[in-house]
$ cat structure.tsv   # TSV, C-alpha atoms
chain	number	residue	atom	x	y	z
A	1	MET	CA	17.47	14.82	-26.88
A	2	SER	CA	14.56	14.77	-24.42
A	3	LEU	CA	11.27	13.30	-25.57
A	4	ASN	CA	7.98	15.17	-25.46
A	5	VAL	CA	6.29	11.97	-24.24
A	6	LYS	CA	7.58	11.39	-20.72
A	7	SER	CA	5.78	8.17	-19.75
A	8	ALA	CA	6.22	4.59	-20.85
A	9	ILE	CA	4.50	1.25	-20.36
A	10	ILE	CA	6.11	-2.19	-20.68
A	11	LEU	CA	3.68	-5.03	-21.40
A	12	ALA	CA	4.90	-8.00	-19.37
A	13	ALA	CA	1.74	-9.82	-18.27
A	14	GLY	CA	1.55	-12.58	-20.89
A	15	PHE	CA	1.93	-16.32	-20.40
A	16	GLY	CA	4.65	-16.98	-22.99
A	17	LYS	CA	2.82	-20.12	-24.14
A	18	ARG	CA	5.10	-20.77	-27.12
A	19	MET	CA	8.05	-20.99	-24.73
A	20	ARG	CA	6.28	-23.19	-22.21
A	21	HIS	CA	9.22	-25.39	-21.18
A	22	LEU	CA	11.12	-22.22	-20.22
A	23	THR	CA	8.21	-20.28	-18.77
A	24	HIS	CA	7.13	-23.16	-16.56
A	25	GLU	CA	9.58	-21.85	-13.96
A	26	VAL	CA	9.98	-18.15	-14.83
A	27	PRO	CA	7.79	-15.60	-16.64
A	28	LYS	CA	8.86	-14.83	-20.19
A	29	PRO	CA	10.13	-11.29	-19.36
A	30	LEU	CA	12.70	-12.83	-17.00
A	31	ILE	CA	14.10	-15.33	-19.51
A	32	ASN	CA	17.81	-14.68	-19.83
A	33	PHE	CA	19.21	-13.53	-23.15
A	34	LYS	CA	22.95	-12.93	-23.47
A	35	GLY	CA	23.45	-12.19	-19.81
A	36	LYS	CA	20.33	-10.32	-18.77
A	37	PRO	CA	16.55	-10.81	-18.59
A	38	LEU	CA	14.50	-9.79	-21.60
A	39	ILE	CA	12.69	-7.10	-19.63
A	40	GLN	CA	15.99	-5.45	-18.74
A	41	TYR	CA	16.47	-4.65	-22.43
A	42	SER	CA	13.13	-2.82	-22.35
A	43	ILE	CA	14.00	-0.92	-19.18
A	44	ASP	CA	17.46	0.06	-20.46
A	45	PHE	CA	15.91	1.15	-23.73
A	46	LEU	CA	13.42	3.45	-22.01
A	47	GLU	CA	16.12	4.82	-19.70
A	48	SER	CA	18.16	5.73	-22.80
A	49	LEU	CA	15.17	7.80	-23.95
A	50	ASN	CA	15.10	9.62	-20.59
A	51	VAL	CA	11.48	8.86	-19.84
A	52	GLN	CA	10.36	10.06	-16.42
A	53	GLU	CA	8.14	7.14	-15.43
A	54	ILE	CA	7.83	3.49	-16.41
A	55	VAL	CA	4.79	1.30	-15.69
A	56	ILE	CA	5.12	-2.48	-16.02
A	57	ASN	CA	1.98	-4.60	-16.12
A	58	VAL	CA	2.22	-8.08	-14.59
A	59	HIS	CA	0.08	-11.20	-14.27
A	60	TYR	CA	1.77	-14.56	-14.91
A	61	LYS	CA	4.23	-15.35	-12.09
A	62	SER	CA	3.88	-11.70	-11.14
A	63	ASP	CA	5.70	-12.09	-7.83
A	64	GLN	CA	8.93	-12.88	-9.67
A	65	ILE	CA	8.71	-9.77	-11.82
A	66	LYS	CA	7.81	-7.62	-8.81
A	67	GLU	CA	10.83	-8.95	-6.94
A	68	PHE	CA	13.08	-8.27	-9.92
A	69	VAL	CA	11.79	-4.70	-10.15
A	70	ARG	CA	12.35	-4.18	-6.42
A	71	SER	CA	15.93	-5.36	-6.83
A	72	LEU	CA	16.55	-2.58	-9.36
A	73	ASN	CA	15.71	0.08	-6.77
A	74	ASN	CA	14.51	2.34	-9.58
A	75	SER	CA	12.04	4.95	-8.33
A	76	LYS	CA	10.77	5.57	-11.89
A	77	ILE	CA	9.16	2.15	-12.12
A	78	LYS	CA	5.61	1.37	-11.02
A	79	ILE	CA	3.73	-1.92	-11.23
A	80	SER	CA	0.28	-2.23	-12.79
A	81	ASP	CA	-0.89	-5.36	-11.02
A	82	GLU	CA	-3.12	-7.76	-12.97
A	83	SER	CA	-2.33	-10.72	-10.71
A	84	SER	CA	-6.00	-11.48	-10.07
A	85	GLU	CA	-7.13	-11.16	-13.70
A	86	ILE	CA	-5.20	-10.66	-16.91
A	87	LEU	CA	-6.70	-7.78	-18.89
A	88	ASP	CA	-5.34	-8.55	-22.39
A	89	THR	CA	-3.28	-5.98	-24.28
A	90	GLY	CA	-5.91	-3.24	-24.47
A	91	GLY	CA	-7.14	-3.61	-20.94
A	92	GLY	CA	-3.55	-3.74	-19.72
A	93	VAL	CA	-2.66	-0.47	-21.43
A	94	LYS	CA	-5.88	1.18	-20.25
A	95	LYS	CA	-5.21	0.27	-16.61
A	96	ALA	CA	-1.52	1.20	-16.79
A	97	MET	CA	-2.37	4.60	-18.25
A	98	GLY	CA	-4.31	5.31	-15.08
A	99	LEU	CA	-0.97	5.26	-13.26
A	100	ILE	CA	0.88	7.79	-15.42
A	101	ASN	CA	0.98	11.54	-15.00
A	102	GLY	CA	0.66	12.53	-18.65
A	103	LYS	CA	-2.01	12.09	-21.33
A	104	GLU	CA	0.08	9.92	-23.63
A	105	SER	CA	2.55	7.11	-23.27
A	106	ILE	CA	5.07	5.02	-25.14
A	107	VAL	CA	3.99	1.36	-24.98
A	108	ILE	CA	6.45	-1.43	-25.75
A	109	ASN	CA	6.34	-5.22	-25.69
A	110	SER	CA	8.85	-6.92	-23.40
A	111	ASP	CA	9.71	-9.68	-25.88
A	112	VAL	CA	11.44	-7.42	-28.43
A	113	LEU	CA	15.19	-6.78	-28.23
A	114	TRP	CA	15.21	-2.99	-27.98
A	115	ASN	CA	18.49	-1.29	-28.87
A	116	GLU	CA	20.07	2.01	-29.91
A	117	GLU	CA	18.73	1.78	-33.46
A	118	GLN	CA	15.19	1.47	-32.16
A	119	ALA	CA	15.82	4.43	-29.83
A	120	SER	CA	16.44	6.61	-32.87
A	121	SER	CA	13.13	5.45	-34.32
A	122	LEU	CA	11.27	6.26	-31.09
A	123	LYS	CA	12.74	9.77	-31.10
A	124	GLU	CA	11.40	10.30	-34.62
A	125	MET	CA	8.05	8.87	-33.56
A	126	ASP	CA	7.93	11.27	-30.63
A	127	SER	CA	8.26	14.25	-32.96
A	128	MET	CA	5.79	12.80	-35.43
A	129	PHE	CA	3.18	12.15	-32.73
A	130	VAL	CA	3.37	15.73	-31.44
A	131	GLN	CA	3.05	17.18	-34.94
A	132	ASN	CA	-0.01	15.13	-35.92
A	133	SER	CA	-3.49	14.63	-34.58
A	134	CYS	CA	-3.92	10.92	-33.97
A	135	ASP	CA	-4.99	8.48	-31.29
A	136	SER	CA	-2.04	6.16	-31.72
A	137	LEU	CA	1.18	6.08	-33.71
A	138	LEU	CA	2.38	2.52	-34.38
A	139	CYS	CA	5.96	1.53	-35.08
A	140	LEU	CA	5.79	-0.59	-38.25
A	141	SER	CA	8.55	-2.46	-40.04
A	142	PRO	CA	8.72	-3.96	-43.53
A	143	LEU	CA	8.11	-7.69	-43.49
A	144	LYS	CA	11.73	-8.44	-44.46
A	145	ASN	CA	13.08	-6.50	-41.47
A	146	THR	CA	10.99	-8.23	-38.82
A	147	LYS	CA	12.92	-11.20	-37.47
A	148	GLY	CA	11.02	-13.87	-35.58
A	149	TYR	CA	7.65	-12.90	-37.09
A	150	LYS	CA	5.49	-15.46	-38.88
A	151	GLY	CA	2.70	-13.99	-40.93
A	152	GLU	CA	1.88	-12.02	-44.05
A	153	GLY	CA	1.73	-8.56	-42.48
A	154	ASP	CA	-0.42	-6.41	-40.20
A	155	PHE	CA	-0.94	-3.01	-41.84
A	156	VAL	CA	-0.48	-1.07	-45.07
A	157	PHE	CA	0.16	2.64	-45.42
A	158	LEU	CA	-2.28	5.12	-46.92
A	159	ASN	CA	-1.68	8.80	-47.61
A	160	ASN	CA	-0.11	11.02	-44.93
A	161	ASN	CA	1.07	8.03	-42.87
A	162	LYS	CA	-2.48	6.90	-42.10
A	163	ILE	CA	-2.78	3.11	-42.02
A	164	ARG	CA	-5.33	0.33	-42.37
A	165	ARG	CA	-5.35	-3.40	-41.80
A	166	TYR	CA	-3.47	-5.65	-44.23
A	167	GLN	CA	-5.71	-7.58	-46.61
A	168	ASN	CA	-4.81	-10.52	-48.83
A	169	ASN	CA	-2.75	-9.51	-51.87
A	170	ASP	CA	-1.97	-6.01	-50.54
A	171	GLN	CA	1.41	-4.79	-51.69
A	172	SER	CA	4.18	-3.73	-49.27
A	173	PRO	CA	2.78	-5.04	-45.98
A	174	PHE	CA	4.20	-3.78	-42.68
A	175	VAL	CA	4.41	-5.53	-39.33
A	176	TYR	CA	3.64	-4.02	-35.93
A	177	CYS	CA	6.94	-4.31	-34.11
A	178	GLY	CA	5.80	-3.93	-30.53
A	179	ALA	CA	6.03	-0.18	-29.94
A	180	GLN	CA	3.51	2.62	-30.12
A	181	ILE	CA	2.75	6.04	-28.72
A	182	ILE	CA	-0.85	6.20	-27.60
A	183	SER	CA	-3.07	8.93	-26.18
A	184	ILE	CA	-5.36	8.34	-23.23
A	185	ASP	CA	-8.06	9.87	-25.45
A	186	SER	CA	-8.03	6.58	-27.39
A	187	PHE	CA	-10.04	5.04	-24.56
A	188	ILE	CA	-12.73	7.73	-24.25
A	189	ASP	CA	-16.20	6.15	-23.91
A	190	PHE	CA	-14.69	2.65	-24.07
A	191	GLU	CA	-16.19	0.81	-21.11
A	192	GLU	CA	-14.63	-2.67	-21.42
A	193	ASP	CA	-11.85	-3.61	-19.00
A	194	VAL	CA	-10.65	-6.86	-20.62
A	195	PHE	CA	-9.99	-6.47	-24.35
A	196	SER	CA	-7.38	-6.54	-27.09
A	197	ILE	CA	-5.66	-3.33	-28.15
A	198	ASN	CA	-6.88	-4.25	-31.65
A	199	LYS	CA	-10.34	-3.00	-30.67
A	200	ILE	CA	-8.90	0.46	-29.97
A	201	TRP	CA	-6.86	0.45	-33.18
A	202	ASN	CA	-9.89	-0.60	-35.23
A	203	ARG	CA	-11.95	2.21	-33.73
A	204	SER	CA	-9.15	4.67	-34.51
A	205	ILE	CA	-8.98	3.42	-38.10
A	206	SER	CA	-12.72	4.01	-38.51
A	207	ASN	CA	-12.22	7.54	-37.13
A	208	ASP	CA	-9.20	8.14	-39.42
A	209	ARG	CA	-6.99	8.61	-36.35
A	210	LEU	CA	-4.50	5.73	-36.54
A	211	MET	CA	-1.05	6.46	-37.98
A	212	GLY	CA	2.10	4.48	-38.64
A	213	PHE	CA	5.81	5.20	-38.51
A	214	LYS	CA	8.01	3.39	-41.04
A	215	ASN	CA	10.83	1.79	-39.06
A	216	ASN	CA	13.55	0.55	-41.41
A	217	ASN	CA	15.73	-0.98	-38.69
A	218	ASP	CA	15.74	-4.73	-38.10
A	219	VAL	CA	13.40	-5.80	-35.29
A	220	PHE	CA	14.10	-8.97	-33.30
A	221	HIS	CA	10.97	-10.48	-31.76
A	222	ILE	CA	11.50	-13.39	-29.39
A	223	GLY	CA	8.24	-15.26	-29.71
A	224	SER	CA	9.46	-18.84	-29.45
A	225	VAL	CA	12.30	-21.01	-28.20
A	226	GLU	CA	13.52	-21.33	-31.79
A	227	THR	CA	13.94	-17.58	-32.24
A	228	LEU	CA	15.59	-17.28	-28.81
A	229	ASP	CA	18.15	-19.92	-29.77
A	230	ARG	CA	18.70	-18.42	-33.21
A	231	PHE	CA	19.29	-14.89	-31.89
A	232	ASN	CA	21.56	-16.26	-29.16
A	233	GLU	CA	23.82	-17.68	-31.85
A	234	LYS	CA	24.35	-14.32	-33.54

$ encode --input "structure.tsv" --output "structure tokens"
Amino acid sequence: MSLNVKSAIILAAGFGKRMRHLTHEVPKPLINFKGKPLIQYSIDFLESLNVQEIVINVHYKSDQIKEFVRSLNNSKIKISDESSEILDTGGGVKKAMGLINGKESIVINSDVLWNEEQASSLKEMDSMFVQNSCDSLLCLSPLKNTKGYKGEGDFVFLNNNKIRRYQNNDQSPFVYCGAQIISIDSFIDFEEDVFSINKIWNRSISNDRLMGFKNNNDVFHIGSVETLDRFNEK
């Protein structure tokens, strides 16, 4: 099955502060997990979806990630270079979207272990995004299915798959699991260059244009050394 959304962005610019003794020498996306760097799982995942172009944003120890990408000799991959200034998640996506050919893109975090089960979810999201009018479609998992996450939840579902922010004592919270499909229209009239993607999501919520996809597969987020070690043992 070929996706309607042909472009993808991998967010790989962060500092990996909770894994500092590992990221002192290498950036978090290049930390090895079961024989290959974390970012390779993201690349392989997107290749399995047959996307036509992949943009990777870089900042911390960017030269190492650039060299790794060059070694792949993959003409689909472009670098969105934030070496001089990290742009945060929203600014990173905004800049990277300036390098794609389409008007929408899949965006994934490089510290999630993407696999075949998640590919099936992204295919469903692709169809759902095309069929609905929204700025962004977020991949959300029930709290119990999100491994390596510490918190009470991020969003709750409303009618017709619209979502809002989780509030204390809400029932059935869902967690953002590091994947979304987002339209370039999300950034219309948004002048900031350094900002969190949460600002865009909040604006979309106020405009009733943020939607969620219920992902019932387990999601493995490597946010710390402890979770890396625990997943390595499985």

$ closest_residue --input "structure.tsv" --among "A:Ile43, A:Val55, A:Met128, A:Met97" --to "Leu3 (chain A)" --atoms "all atoms listed in the file"
A:Met128

$ residues_near_point --input "structure.tsv" --point "(-12.1, 1.6, -26.9)" --cutoff "12 Å" --atoms "all atoms listed in the file" --output "ChimeraX atom specification"
/A:89-91,93-94,135,183-207

$ atom_distance --input "structure.tsv" --atom1 "CA of Glu116 (chain A)" --atom2 "CA of Glu47 (chain A)"
11.3 Å

$ closest_residue --input "structure.tsv" --among "A:Leu46, A:Leu99, A:Met211, A:Ala179" --to "Cys134 (chain A)" --atoms "all atoms listed in the file"
A:Met211

$ closest_residue --input "structure.tsv" --among "A:Ser121, A:Ser110, A:Asn74, A:Asn101" --to "Leu11 (chain A)" --atoms "all atoms listed in the file"
A:Ser110

$ closest_residue --input "structure.tsv" --among "A:Gln64, A:Ser141, A:Asn50, A:Asn215" --to "Val5 (chain A)" --atoms "only C-alpha atoms"
A:Asn50

$ atom_distance --input "structure.tsv" --atom1 "CA of Ser83 (chain A)" --atom2 "CA of Ile39 (chain A)"
17.8 Å

$ residues_near_point --input "structure.tsv" --point "(21.0, -7.8, -9.5)" --cutoff "12 Å" --atoms "all atoms listed in the file" --output "list in words"
Gly35, Lys36, Pro37, Gln40, Glu67, Phe68, Val69, Arg70, Ser71, Leu72 and Asn73 of chain A

$ atom_distance --input "structure.tsv" --atom1 "CA of Asn145 (chain A)" --atom2 "CA of Tyr176 (chain A)"
11.2 Å

$ closest_residue --input "structure.tsv" --among "A:Val175, A:Ile10, A:Val58, A:Val107" --to "Phe220 (chain A)" --atoms "only C-alpha atoms"
A:Val175

$ closest_residue --input "structure.tsv" --among "A:Ile86, A:Ile54, A:Ile65, A:Leu30" --to "Ile100 (chain A)" --atoms "all atoms listed in the file"
A:Ile54

$ residues_around --input "structure.tsv" --residues "Phe129 (chain A)" --least-positions-apart "4" --cutoff "9 Å" --atoms "all atoms listed in the file" --output "mmCIF file with C-alpha atoms, keeping the file's coordinate frame"
data_model
loop_
_atom_site.group_PDB
_atom_site.id
_atom_site.type_symbol
_atom_site.label_atom_id
_atom_site.label_comp_id
_atom_site.auth_asym_id
_atom_site.auth_seq_id
_atom_site.Cartn_x
_atom_site.Cartn_y
_atom_site.Cartn_z
ATOM 1 C CA GLU A 124 11.400 10.300 -34.620
ATOM 2 C CA MET A 125 8.050 8.870 -33.560
ATOM 3 C CA SER A 133 -3.490 14.630 -34.580
ATOM 4 C CA CYS A 134 -3.920 10.920 -33.970
ATOM 5 C CA SER A 136 -2.040 6.160 -31.720
ATOM 6 C CA LEU A 137 1.180 6.080 -33.710
ATOM 7 C CA ILE A 181 2.750 6.040 -28.720
ATOM 8 C CA ILE A 182 -0.850 6.200 -27.600
ATOM 9 C CA MET A 211 -1.050 6.460 -37.980
#
